[in-house]
Amino acid sequence: MEFTGERPEIWGTVGPEADDPKTIRELINAGVTGMRTSFSYATPEVHGRRAELIGDAAASVNRPCRVIADIPGEKVRLGDFAEAEVPVSMGNVVHFVSEDREFDTADNRFPVKSTDFFEYVREGDTLLVGDGGAMVEVTEARDGHLVCEATLDGELNPSRGLVVQDGEFEPASLTDADRNDVRYVAESGRFDALALSFVSDTEAVREARQILREADADLPIVAKIETRRGVENLSAIAPEVDAIMVARGDLALYLPWAELGRHTERIVEAANHHDVPWILATQVAEGLERFTFPTRAEICDLTRWLDEGMDGVLLSYETAFGPRPVDAVSSVGEILDADAERGHRD
């Protein structure tokens, strides 16, 4: 996967704030060189139309823009319930039950869209809901039923992810639905790269590569490193892929969040050692939701990883849901350009 520009690439993410021709054109003009569309939601056909929209927008402004199909992997999620959010307070008892059982949110009893999940959860495990919207400790693990205690105030929302922090359960990189999505991506001819979630070994990468090969699609594969096994197996994974994404969002959930910096360093070192391009992802410029420009920490964070040879940066929330998607791209571009100027002066 070639990253040949004068500065690292900026990838955006399609979402409610970036899903129309005008905004996509503005993002590309602001400096976006790739747009990611997440197959976690909607049908493959919807993503195919989005890919076509991005291609048309890029052509209309005469600038290149990759379209990256992001395959979600296995994601354990809460089931559906009527309330948009259910608050829980520290010390509250919270129940998670398999979806085939009765639940009642008024009694803090919530359904989970998985059966295998319950087999791997143990008493004492820490569970995170969403991106840390709630945190609970498992006090009792039964068949299809977990009894937990909230360790912080928080809230639970329908369909949010459920993660065992640093536990035995690690999600699969390719489910049957994912295989169908990869096949669609390969056969559609509308995408320029494939991102695989929860890559923990070479098996899923090789399987995805075979599906692409069967459709005569030679797409580069980006491995998203998000779990302990993924970090531990980097020396095997890196030579098999075309790029590595430091997916700090789930990485901070599946591993102790305080260790995120060190795990990021390990991923970057492995990518550089194997001469594989790498992309930094998650909370790159979310400070724009509150401030005129990115936070001081975000600016320093980007500059630090530029010094380590960062090949690209992925904006997720900033373009998909943030109030200022175009400003997010231009702000990141300013940081990249300022660093390039520093390099020229040095």
# chains A, B, ... in the order shown; residues from 1 in each chain; ligands from 1
$ residues_around --residues "region 313-318 of chain A" --least-positions-apart "3" --cutoff "10 Å" --atoms "only C-alpha atoms" --output "PyMOL selection string"
chain A and resi 8-15+17-18+32+34-38+245-247+249+278-289+302+305-306+310+321-329+332
$ residues_around --residues "Leu251 (chain A)" --least-positions-apart "5" --cutoff "9 Å" --atoms "only C-alpha atoms" --output "PyMOL selection string"
chain A and resi 225-228+246+256-257+260+263-264
$ closest_residue --among "A:Ser173, A:Arg25, A:Leu336, A:Gln210" --to "Cys300 (chain A)" --atoms "only C-alpha atoms"
A:Leu336
$ residues_around --residues "Asp56 (chain A)" --least-positions-apart "2" --cutoff "12 Å" --atoms "only C-alpha atoms" --output "PyMOL selection string"
chain A and resi 20-22+24-25+28+49-54+58-67+190
$ write_last_selection --atoms "N, CA and C atoms" --output "PDB file, in the first residue's frame"
ATOM      1  N   ASP A  20     -22.946  13.181   2.249  1.00  0.00           N
ATOM      2  CA  ASP A  20     -23.578  13.830   1.104  1.00  0.00           C
ATOM      3  C   ASP A  20     -22.488  14.374   0.193  1.00  0.00           C
ATOM      4  N   PRO A  21     -22.778  14.541  -1.084  1.00  0.00           N
ATOM      5  CA  PRO A  21     -21.739  14.956  -2.043  1.00  0.00           C
ATOM      6  C   PRO A  21     -21.038  16.254  -1.671  1.00  0.00           C
ATOM      7  N   LYS A  22     -21.789  17.247  -1.205  1.00  0.00           N
ATOM      8  CA  LYS A  22     -21.194  18.546  -0.882  1.00  0.00           C
ATOM      9  C   LYS A  22     -20.151  18.414   0.229  1.00  0.00           C
ATOM     10  N   ILE A  24     -18.589  15.692   1.279  1.00  0.00           N
ATOM     11  CA  ILE A  24     -17.458  14.862   0.850  1.00  0.00           C
ATOM     12  C   ILE A  24     -16.502  15.687  -0.009  1.00  0.00           C
ATOM     13  N   ARG A  25     -17.037  16.495  -0.918  1.00  0.00           N
ATOM     14  CA  ARG A  25     -16.174  17.365  -1.738  1.00  0.00           C
ATOM     15  C   ARG A  25     -15.383  18.332  -0.856  1.00  0.00           C
ATOM     16  N   ILE A  28     -12.537  16.497   0.889  1.00  0.00           N
ATOM     17  CA  ILE A  28     -11.436  16.213  -0.034  1.00  0.00           C
ATOM     18  C   ILE A  28     -10.646  17.489  -0.326  1.00  0.00           C
ATOM     19  N   ARG A  49     -23.031   2.225  -2.439  1.00  0.00           N
ATOM     20  CA  ARG A  49     -23.493   3.533  -2.934  1.00  0.00           C
ATOM     21  C   ARG A  49     -22.641   4.655  -2.340  1.00  0.00           C
ATOM     22  N   ARG A  50     -22.251   4.508  -1.080  1.00  0.00           N
ATOM     23  CA  ARG A  50     -21.381   5.515  -0.467  1.00  0.00           C
ATOM     24  C   ARG A  50     -20.025   5.547  -1.168  1.00  0.00           C
ATOM     25  N   ALA A  51     -19.507   4.381  -1.490  1.00  0.00           N
ATOM     26  CA  ALA A  51     -18.219   4.325  -2.192  1.00  0.00           C
ATOM     27  C   ALA A  51     -18.319   5.029  -3.547  1.00  0.00           C
ATOM     28  N   GLU A  52     -19.427   4.807  -4.228  1.00  0.00           N
ATOM     29  CA  GLU A  52     -19.627   5.455  -5.521  1.00  0.00           C
ATOM     30  C   GLU A  52     -19.735   6.975  -5.351  1.00  0.00           C
ATOM     31  N   LEU A  53     -20.426   7.406  -4.301  1.00  0.00           N
ATOM     32  CA  LEU A  53     -20.562   8.827  -4.016  1.00  0.00           C
ATOM     33  C   LEU A  53     -19.188   9.462  -3.774  1.00  0.00           C
ATOM     34  N   ILE A  54     -18.349   8.781  -3.003  1.00  0.00           N
ATOM     35  CA  ILE A  54     -17.007   9.298  -2.710  1.00  0.00           C
ATOM     36  C   ILE A  54     -16.177   9.373  -3.991  1.00  0.00           C
ATOM     37  N   ALA A  58     -14.651  12.809  -5.570  1.00  0.00           N
ATOM     38  CA  ALA A  58     -13.213  12.973  -5.820  1.00  0.00           C
ATOM     39  C   ALA A  58     -12.967  13.366  -7.275  1.00  0.00           C
ATOM     40  N   ALA A  59     -13.696  12.718  -8.174  1.00  0.00           N
ATOM     41  CA  ALA A  59     -13.534  13.032  -9.602  1.00  0.00           C
ATOM     42  C   ALA A  59     -13.965  14.461  -9.908  1.00  0.00           C
ATOM     43  N   SER A  60     -15.011  14.924  -9.226  1.00  0.00           N
ATOM     44  CA  SER A  60     -15.539  16.257  -9.512  1.00  0.00           C
ATOM     45  C   SER A  60     -14.584  17.369  -9.094  1.00  0.00           C
ATOM     46  N   VAL A  61     -13.708  17.097  -8.099  1.00  0.00           N
ATOM     47  CA  VAL A  61     -12.724  18.109  -7.674  1.00  0.00           C
ATOM     48  C   VAL A  61     -11.324  17.748  -8.153  1.00  0.00           C
ATOM     49  N   ASN A  62     -11.257  16.671  -8.949  1.00  0.00           N
ATOM     50  CA  ASN A  62      -9.988  16.257  -9.563  1.00  0.00           C
ATOM     51  C   ASN A  62      -8.902  15.992  -8.525  1.00  0.00           C
ATOM     52  N   ARG A  63      -9.281  15.276  -7.464  1.00  0.00           N
ATOM     53  CA  ARG A  63      -8.315  14.898  -6.435  1.00  0.00           C
ATOM     54  C   ARG A  63      -8.520  13.429  -6.085  1.00  0.00           C
ATOM     55  N   PRO A  64      -7.437  12.707  -5.756  1.00  0.00           N
ATOM     56  CA  PRO A  64      -7.583  11.296  -5.400  1.00  0.00           C
ATOM     57  C   PRO A  64      -8.147  11.135  -3.993  1.00  0.00           C
ATOM     58  N   CYS A  65      -8.933  10.091  -3.805  1.00  0.00           N
ATOM     59  CA  CYS A  65      -9.463   9.775  -2.476  1.00  0.00           C
ATOM     60  C   CYS A  65      -9.740   8.274  -2.412  1.00  0.00           C
ATOM     61  N   ARG A  66      -9.007   7.583  -1.588  1.00  0.00           N
ATOM     62  CA  ARG A  66      -9.233   6.149  -1.411  1.00  0.00           C
ATOM     63  C   ARG A  66     -10.587   5.913  -0.732  1.00  0.00           C
ATOM     64  N   VAL A  67     -11.186   4.766  -1.009  1.00  0.00           N
ATOM     65  CA  VAL A  67     -12.373   4.334  -0.278  1.00  0.00           C
ATOM     66  C   VAL A  67     -12.006   3.056   0.470  1.00  0.00           C
ATOM     67  N   ARG A 190     -15.704  -1.122  -6.205  1.00  0.00           N
ATOM     68  CA  ARG A 190     -15.872   0.282  -5.814  1.00  0.00           C
ATOM     69  C   ARG A 190     -14.939   0.710  -4.681  1.00  0.00           C
TER      70      ARG A 190
END
$ select_by_dssp --residues "region 232-264 of chain A" --states "helix (DSSP H, G or I)" --output "list in words"
Glu232, Leu234, Ser235, Ala236, Ile237, Ala238, Pro239, Glu240, Arg248, Gly249, Asp250, Leu251, Ala252, Leu253, Tyr254, Trp257, Ala258, Glu259, Leu260, Gly261, Arg262, His263 and Thr264 of chain A
$ residues_around --residues "Phe198 (chain A)" --least-positions-apart "5" --cutoff "9 Å" --atoms "only C-alpha atoms" --output "list in words"
Pro72, Gly73, Glu74, Glu170, Pro171, Ala172, Ser173, Leu174, Ala223, Lys224, Ile225, Glu226, Thr227, Gly230 and Asp250 of chain A
$ select_by_dssp --residues "region 25-105 of chain A" --states "strand (DSSP E)" --output "JSON, numbers by chain"
{"A": [34, 35, 36, 37, 38, 66, 67, 68, 69, 70, 71, 86, 87, 88, 93, 94, 95, 96, 97, 98]}
$ write_last_selection --atoms "C-alpha atoms" --output "PDB file, in the first residue's frame"
ATOM      1  CA  GLY A  34      -9.237   8.537   2.012  1.00  0.00           C
ATOM      2  CA  MET A  35     -12.743   7.898   3.346  1.00  0.00           C
ATOM      3  CA  ARG A  36     -13.621   4.934   5.519  1.00  0.00           C
ATOM      4  CA  THR A  37     -17.073   3.405   5.491  1.00  0.00           C
ATOM      5  CA  SER A  38     -17.852   1.104   8.424  1.00  0.00           C
ATOM      6  CA  ARG A  66      -9.233   6.149  -1.411  1.00  0.00           C
ATOM      7  CA  VAL A  67     -12.373   4.334  -0.278  1.00  0.00           C
ATOM      8  CA  ILE A  68     -11.670   1.992   2.639  1.00  0.00           C
ATOM      9  CA  ALA A  69     -14.158  -0.751   3.533  1.00  0.00           C
ATOM     10  CA  ASP A  70     -13.940  -1.335   7.282  1.00  0.00           C
ATOM     11  CA  ILE A  71     -15.099  -4.864   8.178  1.00  0.00           C
ATOM     12  CA  VAL A  86     -30.570   3.882  31.290  1.00  0.00           C
ATOM     13  CA  PRO A  87     -28.476   5.545  34.028  1.00  0.00           C
ATOM     14  CA  VAL A  88     -26.654   3.401  36.573  1.00  0.00           C
ATOM     15  CA  VAL A  93     -26.398  -4.239  40.699  1.00  0.00           C
ATOM     16  CA  VAL A  94     -26.557  -4.755  36.911  1.00  0.00           C
ATOM     17  CA  HIS A  95     -27.615  -7.993  35.185  1.00  0.00           C
ATOM     18  CA  PHE A  96     -26.655  -9.079  31.659  1.00  0.00           C
ATOM     19  CA  VAL A  97     -28.628 -11.982  30.231  1.00  0.00           C
ATOM     20  CA  SER A  98     -28.594 -13.842  26.936  1.00  0.00           C
TER      21      SER A  98
END
$ atom_distance --atom1 "CA of Val112 (chain A)" --atom2 "CA of Leu162 (chain A)"
8.3 Å
$ closest_residue --among "A:Thr151, A:Thr115, A:Gln165, A:Ser159" --to "Ser40 (chain A)" --atoms "only C-alpha atoms"
A:Ser159
$ residues_around --residues "His145 (chain A)" --least-positions-apart "4" --cutoff "12 Å" --atoms "only C-alpha atoms" --output "PyMOL selection string"
chain A and resi 94-103+109-112+114-123+138-141
$ residues_around --residues "Asp275 (chain A)" --least-positions-apart "2" --cutoff "10 Å" --atoms "only C-alpha atoms" --output "list of chain:residue names"
A:Ala238, A:Pro239, A:Asp242, A:Ala243, A:Glu269, A:Ala270, A:Ala271, A:Asn272, A:His273, A:Pro277, A:Trp278
$ write_last_selection --atoms "C-alpha atoms" --output "short mmCIF file (atom, residue, chain, number, x, y, z; two decimals), in the first residue's frame"
data_model
loop_
_atom_site.label_atom_id
_atom_site.label_comp_id
_atom_site.auth_asym_id
_atom_site.auth_seq_id
_atom_site.Cartn_x
_atom_site.Cartn_y
_atom_site.Cartn_z
CA ALA A 238 3.03 -7.28 9.97
CA PRO A 239 4.65 -9.13 7.03
CA ASP A 242 -0.21 -3.89 3.53
CA ALA A 243 -0.72 -1.46 6.41
CA GLU A 269 7.88 -0.25 16.54
CA ALA A 270 6.72 -3.47 14.88
CA ALA A 271 5.32 -1.65 11.84
CA ASN A 272 8.52 0.35 11.41
CA HIS A 273 10.68 -2.74 11.91
CA PRO A 277 2.92 1.73 6.70
CA TRP A 278 0.88 2.58 9.78
#
$ atom_distance --atom1 "CA of Phe169 (chain A)" --atom2 "CA of Lys75 (chain A)"
11.2 Å
$ atom_distance --atom1 "CA of Ile335 (chain A)" --atom2 "CA of Gly5 (chain A)"
15.5 Å
$ closest_residue --among "A:Ala177, A:Ala217, A:Leu234, A:Leu212" --to "Val199 (chain A)" --atoms "only C-alpha atoms"
A:Leu234
